[in-house]
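Peer 1: Here it is, the structure in full.
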2 protein chains.
Amino acid sequence: MRATVLHAPRDIRLDDVPDPQLRDDGDAIVRVVASCVCGSDLWPYRGINEVPGPMRIGHEFVGIIEEVGAEVSSLRAGDFVIAPFVYSDNTCKLCERGIHTSCVNGGFWGVDDRAGRTVDGGQGELVRVPLADGTLVALAEQPSQELVAHLLTLSDVFPTGHHAALLAGVRPGSTVAVVGDGAVGLSAVLAAKRLGAGRIVAMSRHEDRQRLATGFGADEVVATRGKEGAAEVREMFDGIGADHVLECVGTKESMAQAMQCARPGGRVGFVGVPHGVEIDVRSMFYRNLGVAGGVAPARAYIDELLPDVLSGTVTPGDVFDLTVPLDQVADGYRAMDERTAVKAMLTV
Amino acid sequence: MRATVLHAPRDIRLDDVPDPQLRDDGDAIVRVVASCVCGSDLWPYRGINEVPGPMRIGHEFVGIIEEVGAEVSSLRAGDFVIAPFVYSDNTCKLCERGIHTSCVNGGFWGVDDRAGRTVDGGQGELVRVPLADGTLVALAEQPSQELVAHLLTLSDVFPTGHHAALLAGVRPGSTVAVVGDGAVGLSAVLAAKRLGAGRIVAMSRHEDRQRLATGFGADEVVATRGKEGAAEVREMFDGIGADHVLECVGTKESMAQAMQCARPGGRVGFVGVPHGVEIDVRSMFYRNLGVAGGVAPARAYIDELLPDVLSGTVTPGDVFDLTVPLDQVADGYRAMDERTAVKAMLTV
């Protein structure tokens, strides 16, 4: 089969690799229908995260079950499935508590499993899925072509926006500021709106992304960044700041901006992979701030979010403004790297 | 009148100072019945916080109203009142949101007000209370002598423990670890128990404090500190750690210990005044940790906590293991500095 391999920074190719085989009785083989490029894929692509050698990549995909192992009970060949961006058993003590991303038996796509055997990345034609019963969510019927992009967001980007909103404690009627206008930031706007936020301010300097943010439910947009932008946000919210701030970038600057947007007693939820971010706890103390963040347990949220996607109540797939066939995966990366695309979908 | 003045590190005296006078129509003058020494008073006492010159000190007191200004409507002479450890108007946008410690018109005891006029510290005979209607909570009747110590804890230490528990999200049945066995840590044990925590582990090396913690509701005690102590705590909670960790010290070491005690997806509430504490956000990210902390808005909590104190359901004043008359205030400080007392009450 063909699968995306990152050979070195900015050297990304669709290579011929061995077809995956069932290795455990709990495995499934999925034929990928669509996958996509994540902002976090850009860290190794840009060489900011080390690329020690050729590596499989991609962790967001939907597809059709080809084959299941002897012990798989909830899935069968032909099922359309959504793969959350980590695999997990859905039964351990941490999955029970909704933290599937810390599953004691789980792992990441594209990284060898505990037995040292290949787990495919999501940006390929086929994927061996360990712990298939725990990991995959099957639809009751085949989705329409139009739904595929929206369903694909349930792998990662929409649950990640939802996670930011939950971490920050968004509630009906409360006020929200969103830092970051990438696909995650935009999804966070949508998630906050869906949770009933009373007023949402999106921080974005780009007209196309501002439009998407507004379409997802942002009431206002602030184009200024940094301290000045945060001061504008505070001014918009009674002069004190927002109840909840969703930090969707992961840099030192974006975290500082987020904390400055929050009112005393406010909460910052962060979901951008942090790079070199430290918080001076004293600065939190006198303003009674809270900060919570992490890798979104997408598996925990799919059951809640899926019905709204199937019904068309939300259209999170609007974040995809570029669709390329898998053999042009390098173009998808380039477009996101150069920020000419918000998020690129790869069709197989 | 006589009031406690910190002249320089470890030079604390009961001095003759001018009697306070009503300065605003919203002021009240309170005759102090009892006050106490806070762990945070020890920072300047020890010279860790700068002592730029002689300073009034003390921020926890209960007393009797002597006199009220023309606009004070909810209080009258003779009322027994509890003073939260900051004064606040109880009406501004931040008080409305329960963050009285960030009141736009509020301030700290012992620090001159915005007009540059003296606001007395709590460790004295009389205190001018600005914004008296917003600040003070009056009892319907005079309390018994036995209740005074318990009521005094509502100024600061018990609401601070309660704040830690709320910040960490303690819920009925959930699991809790408490870092710090000072009066705040012990109060946090009591608060977590009161909120229905299913299992509480107190971390303490001192037998007398272990006994207090157990009396307040700790199910178990871990005497080991640091990484090893945290590993013990994780082992006790399913090998993954506690749902909620209450950090009641404020040092780099105690915060690290607290974060190591939390399970993935757990929450740390911190209420010890942070000194040189920084958090590496990446270490939170992969474990989905949340950290929230601050100065407890005692005023916001007194209405909820007071009935349980009046009924004797909780006895938070058990943290006082030393009572000295005000003119021996230096002995109270010394005992706390040398850790021969958990918390010293000063009677007038």
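Convention: chains lettered A, B, ... in structure tokens order; per-chain residue numbering from 1; ligands numbered from 1 as shown.
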For the interface of chain B with chain A (cut-off 8 Å, counting only C-alpha atoms), please tabulate each contacting residue of chain B alongside its nearest pair of atoms and their separation in Å to one decimal, rows sorted by chain and increasing number, as JSON lines.

Peer 2:
```
{"residue": "B:Lys93", "atom": "CA", "partner": "A:Asp238", "partner_atom": "CA", "distance": 7.9}
{"residue": "B:Leu94", "atom": "CA", "partner": "A:Pro264", "partner_atom": "CA", "distance": 7.4}
{"residue": "B:Ile99", "atom": "CA", "partner": "A:Gly265", "partner_atom": "CA", "distance": 6.2}
{"residue": "B:Ser102", "atom": "CA", "partner": "A:Pro264", "partner_atom": "CA", "distance": 6.8}
{"residue": "B:Asp238", "atom": "CA", "partner": "A:Lys93", "partner_atom": "CA", "distance": 7.9}
{"residue": "B:Pro264", "atom": "CA", "partner": "A:Ser102", "partner_atom": "CA", "distance": 6.7}
{"residue": "B:Gly265", "atom": "CA", "partner": "A:Ile99", "partner_atom": "CA", "distance": 6.2}
{"residue": "B:Val271", "atom": "CA", "partner": "A:Phe285", "partner_atom": "CA", "distance": 7.9}
{"residue": "B:Val273", "atom": "CA", "partner": "A:Phe285", "partner_atom": "CA", "distance": 7.3}
{"residue": "B:Pro274", "atom": "CA", "partner": "A:Arg282", "partner_atom": "CA", "distance": 5.4}
{"residue": "B:His275", "atom": "CA", "partner": "A:Arg282", "partner_atom": "CA", "distance": 7.1}
{"residue": "B:Gly276", "atom": "CA", "partner": "A:Arg282", "partner_atom": "CA", "distance": 7.7}
{"residue": "B:Val277", "atom": "CA", "partner": "A:Val281", "partner_atom": "CA", "distance": 5.6}
{"residue": "B:Glu278", "atom": "CA", "partner": "A:Asp280", "partner_atom": "CA", "distance": 4.7}
{"residue": "B:Ile279", "atom": "CA", "partner": "A:Ile279", "partner_atom": "CA", "distance": 5.2}
{"residue": "B:Asp280", "atom": "CA", "partner": "A:Glu278", "partner_atom": "CA", "distance": 4.7}
{"residue": "B:Val281", "atom": "CA", "partner": "A:Glu278", "partner_atom": "CA", "distance": 5.6}
{"residue": "B:Arg282", "atom": "CA", "partner": "A:Pro274", "partner_atom": "CA", "distance": 5.4}
{"residue": "B:Met284", "atom": "CA", "partner": "A:Gly293", "partner_atom": "CA", "distance": 6.8}
{"residue": "B:Phe285", "atom": "CA", "partner": "A:Gly294", "partner_atom": "CA", "distance": 3.9}
{"residue": "B:Tyr286", "atom": "CA", "partner": "A:Gly294", "partner_atom": "CA", "distance": 5.8}
{"residue": "B:Arg287", "atom": "CA", "partner": "A:Gly294", "partner_atom": "CA", "distance": 6.6}
{"residue": "B:Asn288", "atom": "CA", "partner": "A:Gly294", "partner_atom": "CA", "distance": 4.2}
{"residue": "B:Leu289", "atom": "CA", "partner": "A:Ala292", "partner_atom": "CA", "distance": 5.8}
{"residue": "B:Gly290", "atom": "CA", "partner": "A:Ala292", "partner_atom": "CA", "distance": 3.7}
{"residue": "B:Val291", "atom": "CA", "partner": "A:Val291", "partner_atom": "CA", "distance": 5.4}
{"residue": "B:Ala292", "atom": "CA", "partner": "A:Gly290", "partner_atom": "CA", "distance": 3.7}
{"residue": "B:Gly293", "atom": "CA", "partner": "A:Asn288", "partner_atom": "CA", "distance": 5.4}
{"residue": "B:Gly294", "atom": "CA", "partner": "A:Phe285", "partner_atom": "CA", "distance": 3.9}
{"residue": "B:Val295", "atom": "CA", "partner": "A:Tyr286", "partner_atom": "CA", "distance": 6.2}
```

Peer 1: Can you tell me which residues surround stretch 51-67 of chain B at a distance of at most 7 Å, considering only C-alpha atoms, apart from same-chain residues fewer than 4 positions away, and format the answer as a VMD selection string?

Peer 2: chain B and resid 4 to 9 28 to 37 44 47 76 to 85 109 to 110 120 to 123 152 155 to 156

Peer 1: Taking the DSSP assignment computed from this structure's backbone, write out as a ChimeraX atom specification all residues of stretch 68-291 of chain A that belong to helix (DSSP H, G or I).

Peer 2: /A:93-96,100-102,132-135,145-155,157-167,183-194,207-216,226-236,252-261,281-285

Peer 1: Quote the spacing between atom CA of B:Gly69 and atom CA of B:Arg23 in Å to one decimal place.

Peer 2: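 About the pair atom CA of B:Gly69 and atom CA of B:Arg23: they are 8.2 Å apart.
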
Peer 1: Mind checking which residues fall within 12 Å of A:His206, counting only C-alpha atoms, ignoring those fewer than 4 positions away in the same chain, and posting them as a list in words?

Peer 2: Gly180, Asp181, Gly182, Ala202, Gln210, Arg211, Leu212, Ala213, Val221, Val222, Ala223, Thr224, Arg225, Arg339, Thr340, Ala341 and Val342 of chain A

Peer 1: So which bits of stretch 220-343 of chain A end up strand (DSSP E or B) when you DSSP the backbone, as a list in words?

Peer 2: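 So the strand (DSSP E or B) residues in stretch 220-343 of chain A would be Glu220, Val221, Val222, Ala242, Asp243, His244, Val245, Leu246, Glu247, Ala262, Arg263, Pro264, Gly265, Gly266, Arg267, Val268, Gly269, Phe270, Glu278, Ile279, Asp280, Gly290, Val291, Ala292, Gly293, Leu322, Thr323, Val324 and Pro325 of chain A.
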
Peer 1: Could you write out the selected residues, including C-alpha atoms, as a PDB file, in the first residue's frame?

Peer 2:
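Generated output (result.pdb):
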```
ATOM      1  CA  GLU A 220     -16.964  39.548  17.477  1.00  0.00           C
ATOM      2  CA  VAL A 221     -13.431  39.411  16.156  1.00  0.00           C
ATOM      3  CA  VAL A 222     -10.315  41.096  17.571  1.00  0.00           C
ATOM      4  CA  ALA A 242     -13.574  36.809  29.629  1.00  0.00           C
ATOM      5  CA  ASP A 243     -14.799  34.056  31.930  1.00  0.00           C
ATOM      6  CA  HIS A 244     -13.139  31.419  29.749  1.00  0.00           C
ATOM      7  CA  VAL A 245     -10.218  31.637  27.367  1.00  0.00           C
ATOM      8  CA  LEU A 246      -9.413  28.873  24.899  1.00  0.00           C
ATOM      9  CA  GLU A 247      -5.711  28.793  23.998  1.00  0.00           C
ATOM     10  CA  ALA A 262      -9.088  36.151  31.360  1.00  0.00           C
ATOM     11  CA  ARG A 263     -10.970  37.944  34.109  1.00  0.00           C
ATOM     12  CA  PRO A 264      -9.966  37.387  37.737  1.00  0.00           C
ATOM     13  CA  GLY A 265     -11.332  33.979  38.622  1.00  0.00           C
ATOM     14  CA  GLY A 266     -11.279  33.012  34.932  1.00  0.00           C
ATOM     15  CA  ARG A 267     -10.105  29.761  33.383  1.00  0.00           C
ATOM     16  CA  VAL A 268      -7.793  29.082  30.467  1.00  0.00           C
ATOM     17  CA  GLY A 269      -8.153  25.802  28.570  1.00  0.00           C
ATOM     18  CA  PHE A 270      -5.167  25.022  26.352  1.00  0.00           C
ATOM     19  CA  GLU A 278       6.226  28.203  31.410  1.00  0.00           C
ATOM     20  CA  ILE A 279       3.745  29.842  33.746  1.00  0.00           C
ATOM     21  CA  ASP A 280       4.717  31.999  36.685  1.00  0.00           C
ATOM     22  CA  GLY A 290      -6.879  28.456  36.481  1.00  0.00           C
ATOM     23  CA  VAL A 291      -5.132  26.745  33.605  1.00  0.00           C
ATOM     24  CA  ALA A 292      -5.908  23.263  32.348  1.00  0.00           C
ATOM     25  CA  GLY A 293      -4.856  21.583  29.183  1.00  0.00           C
ATOM     26  CA  LEU A 322      -8.260  22.428   0.745  1.00  0.00           C
ATOM     27  CA  THR A 323      -8.830  18.873  -0.435  1.00  0.00           C
ATOM     28  CA  VAL A 324      -6.113  17.000  -2.277  1.00  0.00           C
ATOM     29  CA  PRO A 325      -5.736  13.357  -3.264  1.00  0.00           C
TER      30      PRO A 325
END
```

Peer 1: If we count only C-alpha atoms, what is near B:Ala149 at a cut-off of 9 Å, once residues fewer than 5 positions away on the same chain are taken out, given as a PDB file with N, CA and C atoms, in the first residue's frame?

Peer 2:
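As a result, out-v3.pdb now contains:
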```pdb
ATOM      1  N   ALA B  34     -10.990  38.460  68.885  1.00  0.00           N
ATOM      2  CA  ALA B  34      -9.899  37.492  68.683  1.00  0.00           C
ATOM      3  C   ALA B  34      -9.332  37.678  67.283  1.00  0.00           C
ATOM      4  N   SER B  35      -8.034  37.472  67.178  1.00  0.00           N
ATOM      5  CA  SER B  35      -7.386  37.473  65.860  1.00  0.00           C
ATOM      6  C   SER B  35      -6.402  36.315  65.863  1.00  0.00           C
ATOM      7  N   THR B 315     -15.631  21.694  63.096  1.00  0.00           N
ATOM      8  CA  THR B 315     -14.954  22.412  64.179  1.00  0.00           C
ATOM      9  C   THR B 315     -13.588  22.893  63.682  1.00  0.00           C
ATOM     10  N   PRO B 316     -13.608  23.827  62.713  1.00  0.00           N
ATOM     11  CA  PRO B 316     -12.348  24.241  62.080  1.00  0.00           C
ATOM     12  C   PRO B 316     -11.381  24.922  63.045  1.00  0.00           C
ATOM     13  N   GLY B 317     -11.889  25.414  64.183  1.00  0.00           N
ATOM     14  CA  GLY B 317     -11.023  26.082  65.148  1.00  0.00           C
ATOM     15  C   GLY B 317     -10.084  25.129  65.864  1.00  0.00           C
ATOM     16  N   ASP B 318     -10.244  23.828  65.611  1.00  0.00           N
ATOM     17  CA  ASP B 318      -9.305  22.862  66.192  1.00  0.00           C
ATOM     18  C   ASP B 318      -7.883  23.089  65.682  1.00  0.00           C
ATOM     19  N   PHE B 320      -6.281  25.743  66.038  1.00  0.00           N
ATOM     20  CA  PHE B 320      -5.573  26.574  67.023  1.00  0.00           C
ATOM     21  C   PHE B 320      -5.067  25.694  68.150  1.00  0.00           C
ATOM     22  N   MET B 345      -3.812  31.694  68.167  1.00  0.00           N
ATOM     23  CA  MET B 345      -4.911  32.647  68.324  1.00  0.00           C
ATOM     24  C   MET B 345      -4.481  33.715  69.322  1.00  0.00           C
TER      25      MET B 345
END
```

Peer 1: Residues near stretch 184-195 of chain A, anyone? I mean within 8 Å using only C-alpha atoms, not counting same-chain ones fewer than 4 positions away, as JSON, numbers by chain.

Peer 2: {"A": [157, 158, 160, 161, 162, 164, 165, 170, 171, 172, 176, 178, 179, 180, 200, 202, 209, 212, 213, 216, 217, 218, 246, 247, 248, 249, 314, 316, 319]}

Peer 1: So how far away is atom CA of B:Glu235 from atom CA of B:Gly196, in Å?

Peer 2: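 Distance reported for this atom pair: 22.0 Å.
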
Peer 1: Can you tell me, as a list in words, what residues are no more than 10 Å from A:Leu306 when counting only C-alpha atoms, ignoring any on the same chain fewer than 5 positions away?

Peer 2: Ile82, Val137, Leu139, His150, Leu151, Leu154, Tyr301, Ser311, Gly312 and Val314 of chain A
